[in-house]
$ cat start34.txt   # compact mmCIF, C-alpha atoms (C1' of nucleotides)
# COMPACT_ATOMS: atom_id res chain seq x y z
CA MET A 1 1.12 1.20 -114.83
CA ASN A 2 2.43 -0.78 -111.88
CA ASP A 3 5.52 0.07 -109.84
CA ARG A 4 7.29 -2.91 -111.30
CA THR A 5 6.40 -1.88 -114.82
CA SER A 6 7.54 1.64 -114.11
CA LYS A 7 10.98 0.38 -113.10
CA TYR A 8 11.31 -1.51 -116.35
CA HIS A 9 10.12 1.51 -118.26
CA LYS A 10 12.96 3.51 -116.75
CA ILE A 11 15.43 0.85 -117.80
CA TYR A 12 14.10 0.75 -121.35
CA ASP A 13 14.13 4.51 -121.49
CA VAL A 14 17.80 4.66 -120.55
CA VAL A 15 18.82 1.97 -123.00
CA ARG A 16 16.90 3.67 -125.80
CA GLN A 17 18.98 6.79 -125.28
CA ILE A 18 22.29 5.06 -125.90
CA PRO A 19 23.77 6.67 -129.03
CA PRO A 20 25.27 4.58 -131.85
CA GLY A 21 28.89 3.57 -131.32
CA LYS A 22 28.50 3.66 -127.55
CA VAL A 23 27.74 1.01 -124.96
CA LEU A 24 26.58 0.89 -121.35
CA THR A 25 27.09 -1.65 -118.61
CA TYR A 26 24.21 -3.25 -116.75
CA GLY A 27 25.28 -1.65 -113.51
CA LEU A 28 25.40 1.77 -115.12
CA VAL A 29 21.98 1.36 -116.69
CA ALA A 30 20.66 0.32 -113.31
CA GLU A 31 22.16 3.38 -111.69
CA LEU A 32 20.73 5.72 -114.33
CA ALA A 33 17.36 4.09 -113.90
CA GLY A 34 17.48 4.68 -110.17
CA LEU A 35 18.18 1.03 -109.45
CA TYR A 36 21.76 1.14 -108.23
CA GLY A 37 22.95 -2.30 -107.23
CA ARG A 38 20.09 -4.01 -108.98
CA SER A 39 22.12 -4.82 -112.08
CA ARG A 40 20.50 -8.21 -112.27
CA LEU A 41 17.13 -6.63 -112.80
CA VAL A 42 18.47 -4.80 -115.81
CA GLY A 43 19.62 -8.07 -117.29
CA TYR A 44 16.20 -9.55 -116.64
CA ALA A 45 14.39 -6.58 -118.10
CA LEU A 46 16.45 -6.65 -121.26
CA PHE A 47 16.09 -10.40 -121.52
CA ARG A 48 12.34 -9.97 -121.76
CA VAL A 49 12.68 -7.38 -124.51
CA GLU A 50 11.68 -8.63 -127.92
CA ILE A 51 13.91 -8.46 -130.97
CA ASP A 52 11.45 -6.25 -132.82
CA SER A 53 11.54 -3.66 -130.06
CA ASP A 54 13.11 -0.27 -130.59
CA ILE A 55 15.47 -1.00 -127.73
CA PRO A 56 19.13 -1.58 -128.67
CA TRP A 57 19.55 -4.13 -125.91
CA GLN A 58 22.69 -5.45 -127.52
CA ARG A 59 24.40 -2.14 -126.72
CA VAL A 60 24.30 -3.09 -123.07
CA VAL A 61 27.24 -5.21 -121.94
CA ASN A 62 28.49 -6.53 -118.62
CA ALA A 63 31.19 -4.91 -116.48
CA LYS A 64 33.91 -6.95 -118.18
CA GLY A 65 33.09 -5.48 -121.55
CA GLU A 66 31.70 -8.69 -122.92
CA ILE A 67 28.40 -9.07 -124.69
CA SER A 68 25.90 -11.01 -122.65
CA TYR A 69 23.57 -12.50 -125.16
CA SER A 70 21.61 -15.67 -125.03
CA GLU A 71 22.68 -18.32 -127.50
CA ALA A 72 19.25 -19.83 -127.10
CA ARG A 73 17.83 -16.84 -128.92
CA CYS A 74 17.47 -16.52 -132.65
CA GLY A 75 20.45 -16.03 -134.93
CA GLY A 76 19.86 -12.34 -134.62
CA ASP A 77 22.36 -12.30 -131.78
CA TYR A 78 25.61 -12.36 -133.71
CA LEU A 79 23.86 -10.18 -136.23
CA GLN A 80 23.60 -7.47 -133.59
CA LYS A 81 27.27 -7.97 -132.76
CA ASN A 82 28.00 -7.29 -136.39
CA LEU A 83 25.86 -4.18 -136.06
CA LEU A 84 27.98 -2.94 -133.18
CA GLU A 85 31.10 -3.43 -135.25
CA GLU A 86 29.54 -1.33 -137.99
CA GLU A 87 28.93 1.39 -135.43
CA GLY A 88 32.66 1.55 -134.84
CA ILE A 89 32.96 -0.66 -131.81
CA GLU A 90 36.10 -2.77 -131.91
CA PHE A 91 36.01 -6.25 -130.43
CA ILE A 92 39.01 -7.58 -128.56
CA LYS A 93 39.73 -11.30 -128.44
CA GLY A 94 36.47 -11.93 -130.23
CA ASP A 95 33.93 -10.98 -127.61
CA ARG A 96 35.39 -8.15 -125.59
CA ILE A 97 35.16 -4.42 -126.25
CA ASP A 98 37.18 -1.51 -124.92
CA LEU A 99 34.94 0.07 -122.29
CA LYS A 100 37.40 2.93 -121.76
CA LYS A 101 36.79 3.91 -125.34
CA TYR A 102 33.20 3.03 -126.09
CA LEU A 103 31.46 3.44 -122.74
CA TRP A 104 28.71 6.02 -123.08
CA ARG A 105 29.32 9.07 -120.96
CA VAL A 106 25.98 10.42 -119.84
CA PRO A 107 25.69 14.07 -120.98
CA ILE A 108 23.00 15.06 -118.49
CA CYS A 109 22.01 14.48 -114.90
CA LEU A 110 19.00 12.25 -114.77
CA PRO A 111 16.46 12.54 -111.95
CA GLU A 112 16.66 9.85 -109.32
C1' DG B 1 3.33 -18.94 -99.43
C1' DT B 2 8.56 -20.92 -100.32
C1' DC B 3 12.53 -22.21 -103.39
C1' DG B 4 15.69 -22.18 -107.17
C1' DT B 5 17.49 -19.81 -111.03
C1' DG B 6 19.38 -16.00 -113.73
C1' DA B 7 21.52 -11.28 -120.18
C1' DC B 8 24.99 -8.96 -113.17
C1' DT B 9 28.49 -6.65 -109.89
C1' DC B 10 31.92 -6.24 -106.39
C1' DG B 11 35.57 -7.41 -103.20
C1' DA B 12 38.60 -10.89 -101.55
C1' DT B 13 41.57 -14.85 -102.53
C1' DA C 1 44.05 -12.84 -114.71
C1' DA C 2 40.70 -16.21 -112.99
C1' DT C 3 37.57 -17.99 -109.48
C1' DC C 4 34.37 -17.74 -105.35
C1' DG C 5 30.88 -16.10 -102.48
C1' DA C 6 27.55 -12.79 -101.07
C1' DG C 7 24.10 -9.32 -102.34
C1' DC C 8 20.36 -7.89 -105.24
C1' DC C 9 15.28 -8.57 -107.22
C1' DA C 10 11.77 -10.71 -110.42
C1' DC C 11 9.65 -14.78 -112.19
C1' DG C 12 8.09 -19.60 -112.76
C1' DA C 13 7.17 -24.09 -110.62

$ encode --input "start34.txt" --output "structure tokens"
Amino acid sequence: MNDRTSKYHKIYDVVRQIPPGKVLTYGLVAELAGLYGRSRLVGYALFRVEIDSDIPWQRVVNAKGEISYSEARCGGDYLQKNLLEEEGIEFIKGDRIDLKKYLWRVPICLPE
DNA sequence: GTCGTGACTCGAT
DNA sequence: AATCGAGCCACGA
């Protein structure tokens, strides 16, 4: 496994641990993955994730609490949004969510 | 090898 | 609250 791949693996690993009904911001995922400040990489890594993966990429939102999904993707996008609503996440003004309420609070200290 | 672009974030205006 | 610019790194042309 290359260094680059290992970074992505960390990102995927963090995202996979997000419990239902909770969300994480790109910056936070980056920090947990040991990539503080590299929030853009997280977005890139998740962008390359396939729909059939076991990674709940849709549970990762930007710092504003908005979902950052690609409209160019399949219709599965808004389907995932619906999924988040079923998990108990309330959307404000259509696309925003209350980070204060649904932001995942990491229960453990991850290694750097 | 360089260059432009992007599922981002932050601070200043 | 909204917008702008700078910083960050990977990838394709």

$ closest_atom_pairs --input "start34.txt" --of "chain B" --to "chain A" --cutoff "8 Å" --atoms "all atoms listed in the file" --output "tab-separated table"
residue	atom	partner	partner_atom	distance
B:DG6	C1'	A:Tyr44	CA	7.8
B:DA7	C1'	A:Gly43	CA	4.7
B:DC8	C1'	A:Arg40	CA	4.6
B:DT9	C1'	A:Gly27	CA	7.0

$ residues_around --input "start34.txt" --residues "DC3 (chain B)" --least-positions-apart "4" --cutoff "12 Å" --atoms "all atoms listed in the file" --output "list in words"
DC11, DG12 and DA13 of chain C

$ write_last_selection --input "start34.txt" --atoms "C-alpha atoms (C1' of nucleotides)" --output "mmCIF file, in the frame of the given file"
data_model
loop_
_atom_site.group_PDB
_atom_site.id
_atom_site.type_symbol
_atom_site.label_atom_id
_atom_site.label_comp_id
_atom_site.auth_asym_id
_atom_site.auth_seq_id
_atom_site.Cartn_x
_atom_site.Cartn_y
_atom_site.Cartn_z
ATOM 1 C "C1'" DC C 11 9.650 -14.780 -112.190
ATOM 2 C "C1'" DG C 12 8.090 -19.600 -112.760
ATOM 3 C "C1'" DA C 13 7.170 -24.090 -110.620
#

$ interface_residues --input "start34.txt" --of "chain C" --to "chain A" --cutoff "10 Å" --atoms "all atoms listed in the file" --output "ChimeraX atom specification"
/C:7-11

$ atom_distance --input "start34.txt" --atom1 "CA of Gly65 (chain A)" --atom2 "CA of Gln80 (chain A)"
15.5 Å

$ atom_distance --input "start34.txt" --atom1 "CA of Glu50 (chain A)" --atom2 "CA of Gly34 (chain A)"
22.9 Å

$ residues_around --input "start34.txt" --residues "region 87-103 of chain A" --least-positions-apart "4" --cutoff "6 Å" --atoms "only C-alpha atoms (C1' of nucleotides)" --output "ChimeraX atom specification"
/A:21-24,65-66

$ atom_distance --input "start34.txt" --atom1 "CA of Arg59 (chain A)" --atom2 "CA of Glu31 (chain A)"
16.2 Å
